[in-house]
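Just below is one structure, and these are the notes that go with it.
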Amino acid sequence: METKTIFEKSVKGRTGYSLPKCEIKGDIKDIFPAKILRKEIPNLPEVSELDTMRHYIEISAKNHFIEKGFYPLGSCTMKYNPKINDIVNALPGLTHLHPYQPEDTIQGALQIMYELQEMLAEISGMAAVSLQPVAGAHGEFAGVNIIYNYHKSKGEKRTKIIMPDSAHGTNPASCALNSFDVVEIKSNAEGKVDIDALREIIDEDVAGFMLTNPNTLGVFETNVKKIAEIVHSVDGLMYMDGANLNAMLGYIRPGDIGFDIVHFNLHKTFSTPHGGGGPGGGGIGVTKKLVDFLPAPVVKREEEKYYFEHIIKNSIGKVHSFYGNFLVMARAYIYLKMLGEKGLRRVAENAVINANYLMTKLKTHFPIPYQRDVMHEFVASGEKFKKYEVKTLDIAKRLLDYGFHAPTIYFPLIVHEAIMIEPTETESKETLDNFIKAMIRIEKEAESNPEILKNAPLNTPVGRLDETAAIKNLNIKFEFSPNM
Ligand SMILES: *Cc1c(COP(=O)(O)O)cnc(C)c1O
């Protein structure tokens, strides 16, 4: 029988990994039924490599991305992630693994996961870490589920979780998905938890307290120990939303100040580019008494051998297939190994210095309602522009004309016309100064020519969209029209 070779030689894939030589035995006509075989070569449209490349470069340049310009999207930590992480991360030893491969063939990958668990535990002051959840919100869901199961293991069914009114929207959602009622506590004038209000509402029905620290106002909650004392007095658990961990790396460990559970956003703090929905990493760390509740598997080590521990006594079970997003973990590992302890501290220092620099330069132009020394982000208000009929939305749109991504707007809800700015640790002073100039120019435009703001953006490929209509009449179906 004749052998047909599909690939003459072994073929090198994108990562340099060779695909094996591919052969089929026999003639094509004997293998596929005659009625499905083509009689003629199909008339496929052809475009040259150069034209194709220009096409894609042109459409990519219409977009905004971190390599092109500043991205001060508060709460999202849209920092620049060094390309070396992606290069190392594309090594075939990392990308060409199969989740069902025997453990002795993936010792290197297991070592990466194990050491990442250990490093995150050290950074957060927790006893153990599970890397399985794949987003911050997913980590929250798993963490709150641990709270539920912790009380259940004592034969109790508690119904309430307390959180401040500055909480990120995913916090109440994670509680609701775990069938808890959310009790909101007001922030005081400093943007912190009102301790007296907490004392009034605490009771034996409280399962836990959820806190983002630093919070969404960029304010560091200095009373965590006091809050923890109150919550622990009824055996409630303290959950920290660790999405803003870049502000305290190497300086403060959540486990040292009274938190029992924390989630990490590997894609925010530890170097996976994000936006557009993933993939992410939302591993969680817990204190000693909760280790047995962690989602499985976690990676363990016995002498020099690494293995998955699939069965943990009180585990809440699996929250994702297999072990989560391995390549996001590998990026975090590379990033942590490159920075080391000193580098991590500098991340925190620069994130805080950059935010404070911007806030100090902008506060006389854009009032800051909770004006403190902030951590990694701050929230200004566009309320004073109402007299020109200019809204925060208009300011955000005008920034696009100056080549900046808009900050997060209308969040947190407790600030009217909120403009939430997070410069991150990776921006230079020149970039920050250019942003300040643009913001001040927009302030002047609001006074002298408000119409220009209301019609912005004027220089982008797409102008002002009707965002409400886009949400209410969402149509993402591709419809073929012969005239296209
Ligand atoms: C981003 C963020 C989350 C949610 O994380 P995802 O990875 O987007 O699910 C939760 N809390 C805070 C404070 C955040 O900034």
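Here's how to read the names in the structure tokens: chain A, B, ... by the order shown, residue numbers from 1 in each chain, ligand numbers from 1 in the order shown.
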* Exercise answer, 7 Å around ligand 1 with only C-alpha atoms and all ligand atoms, as a list of chain:residue names ->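 If we count only C-alpha atoms and all ligand atoms, the neighbours of ligand 1 turn out to be A:Ser75, A:Cys76, A:Ala135, A:Gly136, A:Ala137, A:His138, A:His168, A:Thr170, A:Asn171, A:Thr212, A:Asn215, A:Thr216, A:Asp241, A:Ala243, A:Asn244, A:Asn265, A:Gly280, A:Gly282.
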* Taking the backbone alone, and naming residues the way the document does, which bits of segment 119-229 of chain A are helix (DSSP H, G or I) by DSSP, as number ranges by chain? -> A: 119-124, 136-153, 170-177, 195-201, 224-229
Could those residues be written to a file, using N, CA and C atoms, as a compact mmCIF listing (two decimals), in the first residue's frame?
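Okay, this is what ended up in part_38.txt:
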```txt
# COMPACT_ATOMS: atom_id res chain seq x y z
N MET A 119 5.15 30.62 47.99
CA MET A 119 5.49 32.05 47.95
C MET A 119 4.26 32.90 48.30
N LEU A 120 3.10 32.51 47.76
CA LEU A 120 1.89 33.28 48.05
C LEU A 120 1.50 33.17 49.52
N ALA A 121 1.72 31.98 50.09
CA ALA A 121 1.44 31.80 51.51
C ALA A 121 2.35 32.72 52.33
N GLU A 122 3.61 32.80 51.93
CA GLU A 122 4.57 33.65 52.64
C GLU A 122 4.20 35.13 52.51
N ILE A 123 3.84 35.54 51.28
CA ILE A 123 3.49 36.94 51.03
C ILE A 123 2.25 37.36 51.83
N SER A 124 1.32 36.42 51.97
CA SER A 124 0.04 36.78 52.60
C SER A 124 -0.04 36.40 54.07
N GLY A 136 -10.61 36.49 40.28
CA GLY A 136 -10.80 37.04 41.61
C GLY A 136 -12.18 36.67 42.16
N ALA A 137 -13.20 36.90 41.35
CA ALA A 137 -14.57 36.61 41.78
C ALA A 137 -14.73 35.12 42.08
N HIS A 138 -14.02 34.30 41.34
CA HIS A 138 -14.08 32.85 41.54
C HIS A 138 -13.42 32.47 42.87
N GLY A 139 -12.30 33.14 43.18
CA GLY A 139 -11.65 32.93 44.47
C GLY A 139 -12.57 33.35 45.60
N GLU A 140 -13.26 34.49 45.41
CA GLU A 140 -14.23 34.93 46.42
C GLU A 140 -15.30 33.87 46.65
N PHE A 141 -15.83 33.35 45.53
CA PHE A 141 -16.88 32.33 45.64
C PHE A 141 -16.36 31.15 46.47
N ALA A 142 -15.14 30.69 46.15
CA ALA A 142 -14.56 29.55 46.86
C ALA A 142 -14.33 29.90 48.33
N GLY A 143 -13.81 31.11 48.58
CA GLY A 143 -13.52 31.54 49.95
C GLY A 143 -14.78 31.65 50.80
N VAL A 144 -15.83 32.22 50.21
CA VAL A 144 -17.08 32.37 50.96
C VAL A 144 -17.71 30.99 51.17
N ASN A 145 -17.50 30.10 50.22
CA ASN A 145 -17.98 28.72 50.38
C ASN A 145 -17.26 28.05 51.56
N ILE A 146 -16.00 28.37 51.74
CA ILE A 146 -15.26 27.84 52.90
C ILE A 146 -15.88 28.38 54.19
N ILE A 147 -16.26 29.67 54.17
CA ILE A 147 -16.91 30.25 55.36
C ILE A 147 -18.18 29.45 55.68
N TYR A 148 -18.97 29.19 54.64
CA TYR A 148 -20.22 28.44 54.81
C TYR A 148 -19.93 27.06 55.40
N ASN A 149 -18.93 26.37 54.82
CA ASN A 149 -18.64 25.00 55.26
C ASN A 149 -17.96 24.94 56.62
N TYR A 150 -17.23 26.00 56.95
CA TYR A 150 -16.62 26.04 58.28
C TYR A 150 -17.70 26.03 59.36
N HIS A 151 -18.72 26.88 59.17
CA HIS A 151 -19.79 26.93 60.18
C HIS A 151 -20.61 25.64 60.15
N LYS A 152 -20.79 25.11 58.95
CA LYS A 152 -21.55 23.86 58.81
C LYS A 152 -20.85 22.73 59.56
N SER A 153 -19.50 22.73 59.50
CA SER A 153 -18.76 21.66 60.17
C SER A 153 -18.95 21.71 61.69
N THR A 170 -18.32 42.36 43.09
CA THR A 170 -18.24 40.90 43.15
C THR A 170 -18.40 40.37 44.57
N ASN A 171 -18.10 41.21 45.59
CA ASN A 171 -18.17 40.73 46.97
C ASN A 171 -19.60 40.34 47.37
N PRO A 172 -20.59 41.24 47.22
CA PRO A 172 -21.96 40.80 47.54
C PRO A 172 -22.43 39.67 46.64
N ALA A 173 -21.98 39.66 45.39
CA ALA A 173 -22.42 38.60 44.48
C ALA A 173 -21.91 37.23 44.96
N SER A 174 -20.65 37.18 45.42
CA SER A 174 -20.10 35.91 45.90
C SER A 174 -20.85 35.41 47.13
N CYS A 175 -21.30 36.35 47.96
CA CYS A 175 -22.06 35.96 49.16
C CYS A 175 -23.44 35.46 48.76
N ALA A 176 -24.08 36.18 47.84
CA ALA A 176 -25.43 35.79 47.42
C ALA A 176 -25.39 34.39 46.78
N LEU A 177 -24.34 34.12 45.99
CA LEU A 177 -24.24 32.79 45.34
C LEU A 177 -24.07 31.68 46.37
N ILE A 195 -16.52 51.49 63.23
CA ILE A 195 -16.39 50.42 64.23
C ILE A 195 -17.62 50.34 65.15
N ASP A 196 -18.16 51.51 65.52
CA ASP A 196 -19.33 51.49 66.42
C ASP A 196 -20.52 50.85 65.72
N ALA A 197 -20.66 51.16 64.43
CA ALA A 197 -21.77 50.56 63.67
C ALA A 197 -21.59 49.04 63.61
N LEU A 198 -20.33 48.59 63.49
CA LEU A 198 -20.06 47.15 63.45
C LEU A 198 -20.45 46.50 64.78
N ARG A 199 -20.06 47.15 65.88
CA ARG A 199 -20.39 46.60 67.20
C ARG A 199 -21.89 46.41 67.35
N GLU A 200 -22.66 47.34 66.77
CA GLU A 200 -24.12 47.26 66.91
C GLU A 200 -24.73 46.09 66.15
N ILE A 201 -24.15 45.76 65.01
CA ILE A 201 -24.81 44.72 64.20
C ILE A 201 -24.24 43.32 64.37
N VAL A 224 -8.12 47.00 60.98
CA VAL A 224 -8.41 45.57 60.72
C VAL A 224 -8.34 44.74 62.00
N LYS A 225 -7.32 45.00 62.82
CA LYS A 225 -7.17 44.18 64.04
C LYS A 225 -8.40 44.32 64.94
N LYS A 226 -8.91 45.56 65.04
CA LYS A 226 -10.09 45.79 65.88
C LYS A 226 -11.31 45.10 65.26
N ILE A 227 -11.45 45.24 63.94
CA ILE A 227 -12.58 44.60 63.25
C ILE A 227 -12.51 43.08 63.44
N ALA A 228 -11.28 42.54 63.29
CA ALA A 228 -11.10 41.09 63.42
C ALA A 228 -11.46 40.62 64.83
N GLU A 229 -11.09 41.43 65.82
CA GLU A 229 -11.38 41.06 67.21
C GLU A 229 -12.90 40.94 67.40
```
* All residues 8 Å or closer to Phe209 of chain A, only C-alpha atoms, same chain fewer than 6 positions away omitted, as a ChimeraX atom specification -> /A:161-163,231,236-239
For those residues, write N, CA, C and O atoms to a file as a CSV table (one decimal), in the first residue's frame.
```csv
chain,number,residue,atom,x,y,z
A,161,ILE,N,-23.3,37.9,56.1
A,161,ILE,CA,-21.9,38.4,55.9
A,161,ILE,C,-21.9,39.9,55.8
A,161,ILE,O,-22.8,40.5,55.1
A,162,ILE,N,-21.0,40.5,56.6
A,162,ILE,CA,-21.0,42.0,56.6
A,162,ILE,C,-19.9,42.5,55.7
A,162,ILE,O,-18.9,41.9,55.6
A,163,MET,N,-20.2,43.6,55.0
A,163,MET,CA,-19.1,44.2,54.2
A,163,MET,C,-19.4,45.7,54.1
A,163,MET,O,-20.6,46.2,54.2
A,231,VAL,N,-15.2,40.5,65.0
A,231,VAL,CA,-15.8,39.4,64.2
A,231,VAL,C,-15.4,38.1,64.8
A,231,VAL,O,-16.3,37.2,64.9
A,236,GLY,N,-16.9,34.5,63.8
A,236,GLY,CA,-17.0,34.8,62.4
A,236,GLY,C,-15.7,34.8,61.7
A,236,GLY,O,-14.7,34.8,62.4
A,237,LEU,N,-15.6,34.7,60.4
A,237,LEU,CA,-14.3,34.6,59.7
A,237,LEU,C,-14.0,35.9,59.0
A,237,LEU,O,-15.0,36.5,58.5
A,238,MET,N,-12.8,36.3,58.9
A,238,MET,CA,-12.4,37.5,58.2
A,238,MET,C,-11.9,37.2,56.8
A,238,MET,O,-10.9,36.5,56.6
A,239,TYR,N,-12.6,37.7,55.7
A,239,TYR,CA,-12.2,37.5,54.4
A,239,TYR,C,-11.5,38.7,53.8
A,239,TYR,O,-12.1,39.8,53.8
```
* Residue contacts of Asn314 of chain A (8 Å, only C-alpha atoms) excluding same-chain residues fewer than 4 positions away, as a list in words ->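 After dropping sequence-adjacent residues, the list is Asp292, Phe293 and Leu294 of chain A.
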What would the file look like if the residues just selected were written as a CSV table (one decimal), in the first residue's frame with N, CA and C atoms?
```csv
chain,number,residue,atom,x,y,z
A,292,ASP,N,-8.0,22.4,55.8
A,292,ASP,CA,-8.7,21.2,55.3
A,292,ASP,C,-10.0,21.5,54.4
A,293,PHE,N,-10.3,22.8,54.3
A,293,PHE,CA,-11.5,23.2,53.5
A,293,PHE,C,-11.1,23.6,52.1
A,294,LEU,N,-9.8,23.8,51.8
A,294,LEU,CA,-9.4,24.3,50.5
A,294,LEU,C,-9.9,23.4,49.4
```
* Asked: Between A:Asn350, A:Asn43, A:Asn325, A:Thr287, which is the closest to Leu266 of chain A once you count only C-alpha atoms?
  ->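 Result for the nearest residue to Leu266 of chain A: A:Asn325.
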* Of the listed residues A:Gly169, A:Gly281, A:Gly191, A:Pro450, that which approaches Gln371 of chain A most closely, counting only C-alpha atoms -> A:Gly191
* Enter the distance from atom CA of Ser448 of chain A to atom CA of Tyr388 of chain A, in Å, rounded to one decimal. =>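 Separating atom CA of Ser448 of chain A from atom CA of Tyr388 of chain A is a distance of 9.1 Å.
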* Asked: Hey, which of A:Gly343, A:Pro407, A:Pro369, A:Pro92 ends up closest to Phe70 of chain A? Count only C-alpha atoms.
  ->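 Closest candidate: A:Pro407.
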* Would you mind reading off the distance between atom CA of Gly242 of chain A and atom CA of His263 of chain A, one decimal, in Å? => 5.2 Å
